[in-house]
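With compact mmCIF, N, CA and C atoms inside, this is run.txt:
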# COMPACT_ATOMS: atom_id res chain seq x y z
N MET A 1 60.85 27.82 49.66
CA MET A 1 60.02 27.34 50.75
C MET A 1 58.61 27.92 50.58
N SER A 2 57.61 27.11 50.74
CA SER A 2 56.24 27.59 50.57
C SER A 2 55.74 28.24 51.86
N GLU A 3 54.63 28.97 51.74
CA GLU A 3 54.04 29.65 52.91
C GLU A 3 53.71 28.64 54.00
N ILE A 4 53.21 27.47 53.61
CA ILE A 4 52.78 26.48 54.59
C ILE A 4 53.96 26.04 55.47
N GLU A 5 55.17 26.01 54.89
CA GLU A 5 56.33 25.58 55.66
C GLU A 5 56.83 26.64 56.62
N THR A 6 56.46 27.91 56.37
CA THR A 6 56.99 28.99 57.20
C THR A 6 55.93 29.65 58.05
N LEU A 7 54.69 29.16 58.03
CA LEU A 7 53.63 29.75 58.84
C LEU A 7 53.46 28.94 60.13
N SER A 8 53.67 29.62 61.23
CA SER A 8 53.48 29.03 62.55
C SER A 8 52.16 29.57 63.08
N CYS A 9 51.28 28.70 63.58
CA CYS A 9 49.94 29.11 64.00
C CYS A 9 49.70 28.78 65.46
N GLY A 10 49.08 29.70 66.15
CA GLY A 10 48.83 29.49 67.57
C GLY A 10 47.61 30.24 68.06
N VAL A 11 47.40 30.13 69.37
CA VAL A 11 46.24 30.75 70.00
C VAL A 11 46.69 31.48 71.26
N VAL A 12 46.23 32.72 71.39
CA VAL A 12 46.32 33.42 72.66
C VAL A 12 45.12 32.90 73.45
N LEU A 13 45.40 32.10 74.45
CA LEU A 13 44.36 31.44 75.22
C LEU A 13 44.04 32.28 76.45
N ALA A 14 42.80 32.72 76.57
CA ALA A 14 42.40 33.57 77.68
C ALA A 14 41.40 32.82 78.57
N ARG A 15 41.47 33.11 79.87
CA ARG A 15 40.54 32.50 80.83
C ARG A 15 40.06 33.58 81.78
N SER A 16 38.75 33.64 81.95
CA SER A 16 38.16 34.64 82.83
C SER A 16 38.23 34.15 84.28
N THR A 17 38.67 35.03 85.17
CA THR A 17 38.73 34.71 86.60
C THR A 17 37.98 35.80 87.36
N ASP A 18 37.82 35.62 88.67
CA ASP A 18 37.15 36.62 89.50
C ASP A 18 37.87 37.97 89.47
N THR A 19 39.17 37.94 89.19
CA THR A 19 39.95 39.19 89.19
C THR A 19 40.23 39.70 87.79
N GLY A 20 39.67 39.07 86.77
CA GLY A 20 39.86 39.53 85.39
C GLY A 20 40.40 38.43 84.50
N TRP A 21 40.74 38.81 83.28
CA TRP A 21 41.23 37.87 82.28
C TRP A 21 42.70 37.56 82.52
N ILE A 22 43.05 36.30 82.34
CA ILE A 22 44.45 35.87 82.36
C ILE A 22 44.72 35.08 81.09
N THR A 23 45.99 34.90 80.77
CA THR A 23 46.37 34.22 79.54
C THR A 23 47.47 33.21 79.82
N LEU A 24 47.58 32.20 78.99
CA LEU A 24 48.55 31.14 79.17
C LEU A 24 49.81 31.41 78.35
N MET A 25 50.93 31.42 79.05
CA MET A 25 52.23 31.60 78.38
C MET A 25 53.06 30.33 78.62
N LEU A 26 53.82 29.95 77.60
CA LEU A 26 54.71 28.79 77.67
C LEU A 26 56.15 29.27 77.49
N ARG A 27 57.06 28.65 78.25
CA ARG A 27 58.47 29.03 78.15
C ARG A 27 59.27 27.90 77.50
N ALA A 28 60.01 28.24 76.45
CA ALA A 28 60.99 27.34 75.84
C ALA A 28 62.34 28.04 75.98
N TYR A 29 63.24 27.45 76.74
CA TYR A 29 64.51 28.08 77.09
C TYR A 29 64.20 29.41 77.78
N HIS A 30 64.64 30.54 77.25
CA HIS A 30 64.32 31.80 77.91
C HIS A 30 63.25 32.60 77.15
N HIS A 31 62.57 31.97 76.21
CA HIS A 31 61.54 32.66 75.42
C HIS A 31 60.15 32.28 75.90
N TRP A 32 59.34 33.29 76.22
CA TRP A 32 57.93 33.07 76.57
C TRP A 32 57.08 33.39 75.34
N ASP A 33 56.10 32.56 75.08
CA ASP A 33 55.24 32.73 73.91
C ASP A 33 53.91 32.04 74.18
N PHE A 34 53.01 32.15 73.25
CA PHE A 34 51.73 31.45 73.32
C PHE A 34 51.88 30.11 72.61
N PRO A 35 50.99 29.14 72.89
CA PRO A 35 51.08 27.85 72.19
C PRO A 35 50.97 28.05 70.69
N LYS A 36 51.93 27.50 69.95
CA LYS A 36 51.92 27.64 68.49
C LYS A 36 52.84 26.60 67.88
N GLY A 37 52.68 26.37 66.58
CA GLY A 37 53.55 25.46 65.86
C GLY A 37 53.29 25.55 64.37
N LEU A 38 54.12 24.86 63.63
CA LEU A 38 54.04 24.94 62.17
C LEU A 38 52.76 24.33 61.62
N CYS A 39 52.24 24.99 60.61
CA CYS A 39 51.08 24.51 59.87
C CYS A 39 51.55 23.35 58.98
N GLU A 40 50.89 22.22 59.07
CA GLU A 40 51.27 21.05 58.28
C GLU A 40 50.60 21.09 56.91
N GLU A 41 51.17 20.37 55.96
CA GLU A 41 50.65 20.35 54.60
C GLU A 41 49.19 19.89 54.60
N GLY A 42 48.34 20.63 53.90
CA GLY A 42 46.93 20.29 53.79
C GLY A 42 46.10 20.78 54.97
N GLU A 43 46.72 21.41 55.94
CA GLU A 43 46.04 21.86 57.14
C GLU A 43 45.75 23.36 57.04
N LEU A 44 44.56 23.76 57.39
CA LEU A 44 44.24 25.19 57.43
C LEU A 44 44.91 25.81 58.66
N PRO A 45 45.28 27.10 58.59
CA PRO A 45 45.95 27.72 59.72
C PRO A 45 45.19 27.60 61.06
N LEU A 46 43.88 27.78 61.04
CA LEU A 46 43.12 27.67 62.29
C LEU A 46 43.17 26.24 62.82
N GLU A 47 43.09 25.25 61.93
CA GLU A 47 43.21 23.84 62.36
C GLU A 47 44.56 23.60 63.01
N ALA A 48 45.61 24.16 62.42
CA ALA A 48 46.96 24.00 62.98
C ALA A 48 47.04 24.63 64.36
N ALA A 49 46.47 25.83 64.50
CA ALA A 49 46.50 26.53 65.79
C ALA A 49 45.82 25.71 66.88
N LEU A 50 44.64 25.18 66.58
CA LEU A 50 43.90 24.39 67.57
C LEU A 50 44.62 23.09 67.90
N ARG A 51 45.20 22.46 66.88
CA ARG A 51 45.96 21.22 67.11
C ARG A 51 47.15 21.50 68.01
N GLU A 52 47.87 22.57 67.74
CA GLU A 52 49.05 22.91 68.53
C GLU A 52 48.70 23.18 69.99
N VAL A 53 47.59 23.88 70.23
CA VAL A 53 47.17 24.12 71.62
C VAL A 53 46.95 22.78 72.32
N GLY A 54 46.25 21.86 71.66
CA GLY A 54 46.00 20.55 72.25
C GLY A 54 47.29 19.79 72.52
N GLU A 55 48.21 19.79 71.55
CA GLU A 55 49.47 19.07 71.71
C GLU A 55 50.35 19.66 72.79
N GLU A 56 50.41 20.99 72.86
CA GLU A 56 51.35 21.64 73.76
C GLU A 56 50.82 21.87 75.16
N THR A 57 49.47 21.87 75.33
CA THR A 57 48.90 22.18 76.64
C THR A 57 47.93 21.13 77.17
N GLY A 58 47.47 20.24 76.28
CA GLY A 58 46.45 19.28 76.67
C GLY A 58 45.06 19.89 76.69
N ILE A 59 44.92 21.17 76.39
CA ILE A 59 43.62 21.84 76.41
C ILE A 59 42.95 21.66 75.06
N LYS A 60 41.81 20.96 75.08
CA LYS A 60 41.06 20.71 73.84
C LYS A 60 39.77 21.53 73.81
N GLU A 61 39.33 21.98 75.00
CA GLU A 61 38.09 22.74 75.08
C GLU A 61 38.40 24.22 75.06
N LEU A 62 38.19 24.82 73.89
CA LEU A 62 38.35 26.26 73.79
C LEU A 62 37.36 26.79 72.78
N SER A 63 36.98 28.05 72.93
CA SER A 63 36.04 28.68 72.00
C SER A 63 36.65 29.92 71.40
N LEU A 64 36.23 30.20 70.19
CA LEU A 64 36.68 31.40 69.49
C LEU A 64 35.61 32.47 69.70
N ASP A 65 35.50 32.95 70.95
CA ASP A 65 34.44 33.90 71.32
C ASP A 65 34.51 35.20 70.55
N TRP A 66 35.66 35.54 70.02
CA TRP A 66 35.85 36.81 69.31
C TRP A 66 35.95 36.59 67.80
N GLY A 67 35.51 35.42 67.34
CA GLY A 67 35.54 35.12 65.92
C GLY A 67 36.90 34.56 65.49
N GLU A 68 37.08 34.47 64.19
CA GLU A 68 38.30 33.87 63.64
C GLU A 68 39.33 34.92 63.26
N ARG A 69 39.24 36.10 63.85
CA ARG A 69 40.23 37.14 63.55
C ARG A 69 41.59 36.71 64.08
N TYR A 70 42.63 37.26 63.50
CA TYR A 70 43.98 36.89 63.92
C TYR A 70 44.91 38.05 63.69
N THR A 71 46.09 37.94 64.27
CA THR A 71 47.17 38.89 64.02
C THR A 71 48.40 38.08 63.66
N GLU A 72 49.29 38.70 62.91
CA GLU A 72 50.53 38.01 62.51
C GLU A 72 51.73 38.84 62.91
N THR A 73 52.81 38.16 63.24
CA THR A 73 54.06 38.84 63.52
C THR A 73 54.86 38.89 62.23
N GLY A 74 55.80 39.78 62.18
CA GLY A 74 56.71 39.82 61.04
C GLY A 74 57.62 38.61 61.07
N PRO A 75 58.41 38.44 60.02
CA PRO A 75 59.31 37.29 59.95
C PRO A 75 60.28 37.23 61.13
N TYR A 76 60.53 36.02 61.60
CA TYR A 76 61.49 35.76 62.68
C TYR A 76 62.07 34.39 62.43
N SER A 77 63.13 34.04 63.12
CA SER A 77 63.71 32.70 63.10
C SER A 77 63.71 32.07 61.70
N ARG A 78 64.59 32.53 60.85
CA ARG A 78 64.73 32.01 59.48
C ARG A 78 63.47 32.18 58.64
N GLY A 79 62.82 33.33 58.76
CA GLY A 79 61.71 33.66 57.86
C GLY A 79 60.35 33.15 58.23
N LYS A 80 60.18 32.60 59.43
CA LYS A 80 58.84 32.15 59.85
C LYS A 80 57.96 33.36 60.15
N THR A 81 56.68 33.20 59.92
CA THR A 81 55.67 34.18 60.34
C THR A 81 54.78 33.46 61.34
N ALA A 82 54.42 34.15 62.42
CA ALA A 82 53.51 33.55 63.41
C ALA A 82 52.14 34.20 63.30
N ARG A 83 51.10 33.38 63.23
CA ARG A 83 49.72 33.83 63.19
C ARG A 83 49.05 33.38 64.48
N TYR A 84 48.43 34.33 65.17
CA TYR A 84 47.76 34.02 66.43
C TYR A 84 46.28 34.34 66.36
N TYR A 85 45.47 33.39 66.80
CA TYR A 85 44.04 33.58 66.97
C TYR A 85 43.80 33.86 68.46
N LEU A 86 42.59 34.25 68.81
CA LEU A 86 42.26 34.53 70.20
C LEU A 86 41.14 33.60 70.63
N GLY A 87 41.39 32.80 71.66
CA GLY A 87 40.40 31.85 72.14
C GLY A 87 40.24 31.92 73.64
N SER A 88 39.13 31.40 74.13
CA SER A 88 38.92 31.35 75.57
C SER A 88 38.70 29.90 76.00
N THR A 89 39.01 29.65 77.26
CA THR A 89 38.81 28.32 77.83
C THR A 89 38.44 28.47 79.29
N VAL A 90 37.82 27.43 79.84
CA VAL A 90 37.58 27.38 81.28
C VAL A 90 38.58 26.43 81.94
N CYS A 91 39.37 25.75 81.13
CA CYS A 91 40.35 24.79 81.64
C CYS A 91 41.49 25.52 82.35
N GLU A 92 41.85 25.03 83.53
CA GLU A 92 42.98 25.60 84.28
C GLU A 92 44.22 24.74 84.15
N ASP A 93 44.02 23.42 84.07
CA ASP A 93 45.14 22.49 84.08
C ASP A 93 45.82 22.43 82.73
N VAL A 94 47.14 22.42 82.77
CA VAL A 94 47.95 22.34 81.56
C VAL A 94 48.81 21.09 81.65
N VAL A 95 48.82 20.31 80.58
CA VAL A 95 49.69 19.13 80.49
C VAL A 95 50.54 19.32 79.26
N MET A 96 51.81 19.60 79.48
CA MET A 96 52.71 19.85 78.34
C MET A 96 53.02 18.52 77.67
N GLY A 97 52.51 18.36 76.45
CA GLY A 97 52.69 17.10 75.73
C GLY A 97 54.05 17.00 75.08
N PRO A 98 54.45 15.79 74.73
CA PRO A 98 55.74 15.61 74.07
C PRO A 98 55.68 16.05 72.60
N SER A 99 56.80 16.49 72.11
CA SER A 99 56.93 16.83 70.70
C SER A 99 56.86 15.54 69.89
N PRO A 100 56.09 15.53 68.78
CA PRO A 100 56.04 14.34 67.95
C PRO A 100 57.42 13.95 67.40
N GLU A 101 58.30 14.95 67.21
CA GLU A 101 59.62 14.68 66.65
C GLU A 101 60.59 14.09 67.69
N THR A 102 60.61 14.67 68.91
CA THR A 102 61.62 14.29 69.88
C THR A 102 61.11 13.40 71.01
N GLY A 103 59.79 13.42 71.24
CA GLY A 103 59.23 12.67 72.36
C GLY A 103 59.39 13.40 73.69
N GLU A 104 60.03 14.56 73.67
CA GLU A 104 60.22 15.38 74.87
C GLU A 104 59.30 16.60 74.80
N PRO A 105 58.88 17.14 75.96
CA PRO A 105 58.09 18.37 75.91
C PRO A 105 58.88 19.49 75.22
N GLU A 106 58.15 20.30 74.44
CA GLU A 106 58.80 21.41 73.73
C GLU A 106 59.04 22.59 74.65
N HIS A 107 58.35 22.63 75.79
CA HIS A 107 58.44 23.77 76.69
C HIS A 107 58.92 23.33 78.07
N HIS A 108 59.47 24.29 78.80
CA HIS A 108 60.03 24.01 80.11
C HIS A 108 59.13 24.44 81.25
N GLU A 109 58.17 25.32 80.97
CA GLU A 109 57.35 25.88 82.03
C GLU A 109 56.10 26.48 81.40
N TRP A 110 55.04 26.57 82.18
CA TRP A 110 53.83 27.28 81.75
C TRP A 110 53.33 28.11 82.91
N ARG A 111 52.61 29.18 82.59
CA ARG A 111 52.02 30.05 83.61
C ARG A 111 50.76 30.70 83.07
N TRP A 112 49.73 30.76 83.92
CA TRP A 112 48.59 31.62 83.66
C TRP A 112 48.96 32.97 84.26
N VAL A 113 48.94 34.02 83.46
CA VAL A 113 49.38 35.34 83.90
C VAL A 113 48.39 36.42 83.43
N THR A 114 48.44 37.57 84.08
CA THR A 114 47.65 38.71 83.59
C THR A 114 48.26 39.17 82.26
N PHE A 115 47.52 39.97 81.54
CA PHE A 115 48.05 40.47 80.27
C PHE A 115 49.23 41.42 80.51
N ASP A 116 49.24 42.13 81.64
CA ASP A 116 50.40 42.97 81.98
C ASP A 116 51.63 42.09 82.21
N GLU A 117 51.45 40.99 82.94
CA GLU A 117 52.57 40.07 83.18
C GLU A 117 53.03 39.43 81.88
N ALA A 118 52.08 39.08 81.01
CA ALA A 118 52.43 38.49 79.72
C ALA A 118 53.28 39.47 78.91
N TYR A 119 52.90 40.72 78.95
CA TYR A 119 53.66 41.75 78.23
C TYR A 119 55.09 41.82 78.75
N ASP A 120 55.24 41.78 80.07
CA ASP A 120 56.57 41.86 80.68
C ASP A 120 57.43 40.63 80.36
N LEU A 121 56.81 39.46 80.27
CA LEU A 121 57.55 38.22 79.98
C LEU A 121 57.96 38.11 78.51
N ALA A 122 57.16 38.71 77.64
CA ALA A 122 57.27 38.47 76.20
C ALA A 122 58.40 39.27 75.55
N SER A 123 58.88 38.75 74.43
CA SER A 123 59.82 39.46 73.56
C SER A 123 59.04 40.55 72.81
N PRO A 124 59.73 41.51 72.20
CA PRO A 124 59.02 42.55 71.44
C PRO A 124 58.06 41.98 70.39
N ARG A 125 58.45 40.90 69.71
CA ARG A 125 57.58 40.29 68.69
C ARG A 125 56.26 39.83 69.31
N VAL A 126 56.34 39.23 70.49
CA VAL A 126 55.15 38.68 71.15
C VAL A 126 54.38 39.78 71.89
N ARG A 127 55.06 40.84 72.30
CA ARG A 127 54.37 41.94 72.99
C ARG A 127 53.29 42.55 72.12
N ASN A 128 53.53 42.65 70.82
CA ASN A 128 52.51 43.17 69.91
C ASN A 128 51.27 42.29 69.92
N VAL A 129 51.45 40.99 70.05
CA VAL A 129 50.33 40.05 70.09
C VAL A 129 49.58 40.21 71.41
N VAL A 130 50.31 40.38 72.51
CA VAL A 130 49.68 40.60 73.83
C VAL A 130 48.80 41.85 73.76
N GLN A 131 49.32 42.93 73.20
CA GLN A 131 48.55 44.17 73.11
C GLN A 131 47.30 44.00 72.24
N TRP A 132 47.45 43.28 71.14
CA TRP A 132 46.31 43.01 70.25
C TRP A 132 45.21 42.26 70.99
N ALA A 133 45.58 41.19 71.68
CA ALA A 133 44.60 40.36 72.39
C ALA A 133 43.96 41.14 73.53
N ARG A 134 44.77 41.86 74.29
CA ARG A 134 44.26 42.63 75.43
C ARG A 134 43.25 43.67 74.96
N GLN A 135 43.50 44.30 73.82
CA GLN A 135 42.59 45.30 73.29
C GLN A 135 41.25 44.68 72.91
N ILE A 136 41.29 43.51 72.30
CA ILE A 136 40.04 42.85 71.86
C ILE A 136 39.18 42.43 73.06
N ILE A 137 39.80 41.84 74.07
CA ILE A 137 38.99 41.36 75.20
C ILE A 137 38.89 42.38 76.32
N ARG A 138 39.55 43.52 76.12
CA ARG A 138 39.52 44.62 77.09
C ARG A 138 40.01 44.19 78.46
N ALA A 139 41.12 43.46 78.47
CA ALA A 139 41.71 42.99 79.73
C ALA A 139 42.60 44.08 80.31

Represent the structure of the file as structure tokens.
Amino acid sequence: MSEIETLSCGVVLARSTDTGWITLMLRAYHHWDFPKGLCEEGELPLEAALREVGEETGIKELSLDWGERYTETGPYSRGKTARYYLGSTVCEDVVMGPSPETGEPEHHEWRWVTFDEAYDLASPRVRNVVQWARQIIRA
């Protein structure tokens, strides 16, 4: 299997509010994570991350205010690696789009949460990503 088939790319999406930074978490079954999905052939990882955010949340307006830096998780779920970028948006509304494969939404729920709440919701693999993002934006 090539790297492209096992690299999942996503974005920790942050939004500034009057009470501080919040982030968007999506729930699939009992797993909370950030919007992400597999990098397609010929697609750069950042392109995949931005496409996945649009497909999974309907949010197309986001900026990479902290540059193109990213963090990766170790292998999970049959050898996949997840790469997360950090982006900001002013969009509040989320529209969970259907999966191109199944026609059904890939997620069951979404929430804008504080970074502390995101840490509590997340699995250990995702908690490292929450800490990374929180440190960069000082949330």

Given the choices A:Ala48, A:Val12, A:Leu7, A:Ile136, which gets closest to Thr89 of chain A if the distance is worked out from only C-alpha atoms?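 Smallest separation from Thr89 of chain A among the options: A:Val12.
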
Take atom CA of Tyr119 of chain A and atom CA of Leu24 of chain A and report the distance between them in Å, one decimal.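 Computing the Euclidean distance for atom CA of Tyr119 of chain A and atom CA of Leu24 of chain A yields 11.8 Å.
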
Take the point (53.2, 34.0, 76.7) as written in the file and pick out every residue within 6.5 Å of it, counting all atoms listed in the file; give the list as a ChimeraX atom specification. /A:24-26,32-34,118,122

Using N, CA and C atoms, can you write the selected residues to a file as a PDB file, in the coordinates of the input?
ATOM      1  N   LEU A  24      47.580  32.200  78.990  1.00  0.00           N
ATOM      2  CA  LEU A  24      48.550  31.140  79.170  1.00  0.00           C
ATOM      3  C   LEU A  24      49.810  31.410  78.350  1.00  0.00           C
ATOM      4  N   MET A  25      50.930  31.420  79.050  1.00  0.00           N
ATOM      5  CA  MET A  25      52.230  31.600  78.380  1.00  0.00           C
ATOM      6  C   MET A  25      53.060  30.330  78.620  1.00  0.00           C
ATOM      7  N   LEU A  26      53.820  29.950  77.600  1.00  0.00           N
ATOM      8  CA  LEU A  26      54.710  28.790  77.670  1.00  0.00           C
ATOM      9  C   LEU A  26      56.150  29.270  77.490  1.00  0.00           C
ATOM     10  N   TRP A  32      59.340  33.290  76.220  1.00  0.00           N
ATOM     11  CA  TRP A  32      57.930  33.070  76.570  1.00  0.00           C
ATOM     12  C   TRP A  32      57.080  33.390  75.340  1.00  0.00           C
ATOM     13  N   ASP A  33      56.100  32.560  75.080  1.00  0.00           N
ATOM     14  CA  ASP A  33      55.240  32.730  73.910  1.00  0.00           C
ATOM     15  C   ASP A  33      53.910  32.040  74.180  1.00  0.00           C
ATOM     16  N   PHE A  34      53.010  32.150  73.250  1.00  0.00           N
ATOM     17  CA  PHE A  34      51.730  31.450  73.320  1.00  0.00           C
ATOM     18  C   PHE A  34      51.880  30.110  72.610  1.00  0.00           C
ATOM     19  N   ALA A 118      52.080  39.080  81.010  1.00  0.00           N
ATOM     20  CA  ALA A 118      52.430  38.490  79.720  1.00  0.00           C
ATOM     21  C   ALA A 118      53.280  39.470  78.910  1.00  0.00           C
ATOM     22  N   ALA A 122      57.160  38.710  77.640  1.00  0.00           N
ATOM     23  CA  ALA A 122      57.270  38.470  76.200  1.00  0.00           C
ATOM     24  C   ALA A 122      58.400  39.270  75.550  1.00  0.00           C
TER      25      ALA A 122
END

DSSP strand (DSSP E) residues within chain A, as an MDAnalysis selection string: chainID A and resid 7:17 20:28 31:33 36:38 70:72 81:88 109:114

Which is closest to Ala133 of chain A among A:Cys39, A:Leu86, A:Thr19, A:Glu104, if we use only N, CA and C atoms?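 Checking each of A:Cys39, A:Leu86, A:Thr19, A:Glu104 against Ala133 of chain A, counting only N, CA and C atoms, the winner is A:Leu86.
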
Quick one, how far is atom CA of Thr73 of chain A from atom CA of Arg125 of chain A? 6.4 Å

Using all atoms listed in the file: which of A:Gly37, A:Gly97, A:Pro75, A:Gly87 has the shortest distance to Glu56 of chain A: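 Selected residue with least distance to Glu56 of chain A: A:Gly97.
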
Quick check, in Å to one decimal: how far apart do atom C of Val129 of chain A and atom CA of Glu92 of chain A lie?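 For atom C of Val129 of chain A relative to atom CA of Glu92 of chain A, the distance reads 20.6 Å.
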
Kindly indicate which residue among A:Gln131, A:Met96, A:Glu68, A:Arg51 lies nearest to Thr114 of chain A, using only C-alpha atoms for the distances. A:Gln131

Counting all atoms listed in the file, note down every residue that has an atom within 7 Å of the point (45.0, 35.1, 77.9) (file coordinates), as a PDB file with N, CA and C atoms, keeping the file's coordinate frame.
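Just written: selection-v6.pdb:
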ATOM      1  N   VAL A  12      46.230  32.720  71.390  1.00  0.00           N
ATOM      2  CA  VAL A  12      46.320  33.420  72.660  1.00  0.00           C
ATOM      3  C   VAL A  12      45.120  32.900  73.450  1.00  0.00           C
ATOM      4  N   LEU A  13      45.400  32.100  74.450  1.00  0.00           N
ATOM      5  CA  LEU A  13      44.360  31.440  75.220  1.00  0.00           C
ATOM      6  C   LEU A  13      44.040  32.280  76.450  1.00  0.00           C
ATOM      7  N   ALA A  14      42.800  32.720  76.570  1.00  0.00           N
ATOM      8  CA  ALA A  14      42.400  33.570  77.680  1.00  0.00           C
ATOM      9  C   ALA A  14      41.400  32.820  78.570  1.00  0.00           C
ATOM     10  N   ARG A  15      41.470  33.110  79.870  1.00  0.00           N
ATOM     11  CA  ARG A  15      40.540  32.500  80.830  1.00  0.00           C
ATOM     12  C   ARG A  15      40.060  33.580  81.780  1.00  0.00           C
ATOM     13  N   TRP A  21      40.740  38.810  83.280  1.00  0.00           N
ATOM     14  CA  TRP A  21      41.230  37.870  82.280  1.00  0.00           C
ATOM     15  C   TRP A  21      42.700  37.560  82.520  1.00  0.00           C
ATOM     16  N   ILE A  22      43.050  36.300  82.340  1.00  0.00           N
ATOM     17  CA  ILE A  22      44.450  35.870  82.360  1.00  0.00           C
ATOM     18  C   ILE A  22      44.720  35.080  81.090  1.00  0.00           C
ATOM     19  N   THR A  23      45.990  34.900  80.770  1.00  0.00           N
ATOM     20  CA  THR A  23      46.370  34.220  79.540  1.00  0.00           C
ATOM     21  C   THR A  23      47.470  33.210  79.820  1.00  0.00           C
ATOM     22  N   LEU A  24      47.580  32.200  78.990  1.00  0.00           N
ATOM     23  CA  LEU A  24      48.550  31.140  79.170  1.00  0.00           C
ATOM     24  C   LEU A  24      49.810  31.410  78.350  1.00  0.00           C
ATOM     25  N   VAL A 113      48.940  34.020  83.460  1.00  0.00           N
ATOM     26  CA  VAL A 113      49.380  35.340  83.900  1.00  0.00           C
ATOM     27  C   VAL A 113      48.390  36.420  83.430  1.00  0.00           C
ATOM     28  N   THR A 114      48.440  37.570  84.080  1.00  0.00           N
ATOM     29  CA  THR A 114      47.650  38.710  83.590  1.00  0.00           C
ATOM     30  C   THR A 114      48.260  39.170  82.260  1.00  0.00           C
ATOM     31  N   PHE A 115      47.520  39.970  81.540  1.00  0.00           N
ATOM     32  CA  PHE A 115      48.050  40.470  80.270  1.00  0.00           C
ATOM     33  C   PHE A 115      49.230  41.420  80.510  1.00  0.00           C
TER      34      PHE A 115
END

Quick one: of A:Leu38, A:Cys9, A:Ala28, A:Ile137, who's nearest to Glu106 of chain A, counting only N, CA and C atoms?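 Checking each of A:Leu38, A:Cys9, A:Ala28, A:Ile137 against Glu106 of chain A, counting only N, CA and C atoms, the winner is A:Ala28.
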
Between A:Gly10, A:Gly79, A:Pro124, A:Gly58, which has the minimum distance to Asp93 of chain A (counting all atoms listed in the file)? A:Gly58

Write down as a VMD selection string the residues belonging to chain A that are assigned helix (DSSP H, G or I) by DSSP computed on the backbone. chain A and resid 3 to 6 45 to 57 115 to 121 124 to 137

Selection near Cys91 of chain A, 9 Å with only C-alpha atoms, sequence-local residues under 3 positions removed, as an MDAnalysis selection string: chainID A and resid 15 59:62 94

Go ahead and save the residues from that selection, with N, CA and C atoms, as a PDB file, in the coordinates of the input.
ATOM      1  N   ARG A  15      41.470  33.110  79.870  1.00  0.00           N
ATOM      2  CA  ARG A  15      40.540  32.500  80.830  1.00  0.00           C
ATOM      3  C   ARG A  15      40.060  33.580  81.780  1.00  0.00           C
ATOM      4  N   ILE A  59      44.920  21.170  76.390  1.00  0.00           N
ATOM      5  CA  ILE A  59      43.620  21.840  76.410  1.00  0.00           C
ATOM      6  C   ILE A  59      42.950  21.660  75.060  1.00  0.00           C
ATOM      7  N   LYS A  60      41.810  20.960  75.080  1.00  0.00           N
ATOM      8  CA  LYS A  60      41.060  20.710  73.840  1.00  0.00           C
ATOM      9  C   LYS A  60      39.770  21.530  73.810  1.00  0.00           C
ATOM     10  N   GLU A  61      39.330  21.980  75.000  1.00  0.00           N
ATOM     11  CA  GLU A  61      38.090  22.740  75.080  1.00  0.00           C
ATOM     12  C   GLU A  61      38.400  24.220  75.060  1.00  0.00           C
ATOM     13  N   LEU A  62      38.190  24.820  73.890  1.00  0.00           N
ATOM     14  CA  LEU A  62      38.350  26.260  73.790  1.00  0.00           C
ATOM     15  C   LEU A  62      37.360  26.790  72.780  1.00  0.00           C
ATOM     16  N   VAL A  94      47.140  22.420  82.770  1.00  0.00           N
ATOM     17  CA  VAL A  94      47.950  22.340  81.560  1.00  0.00           C
ATOM     18  C   VAL A  94      48.810  21.090  81.650  1.00  0.00           C
TER      19      VAL A  94
END
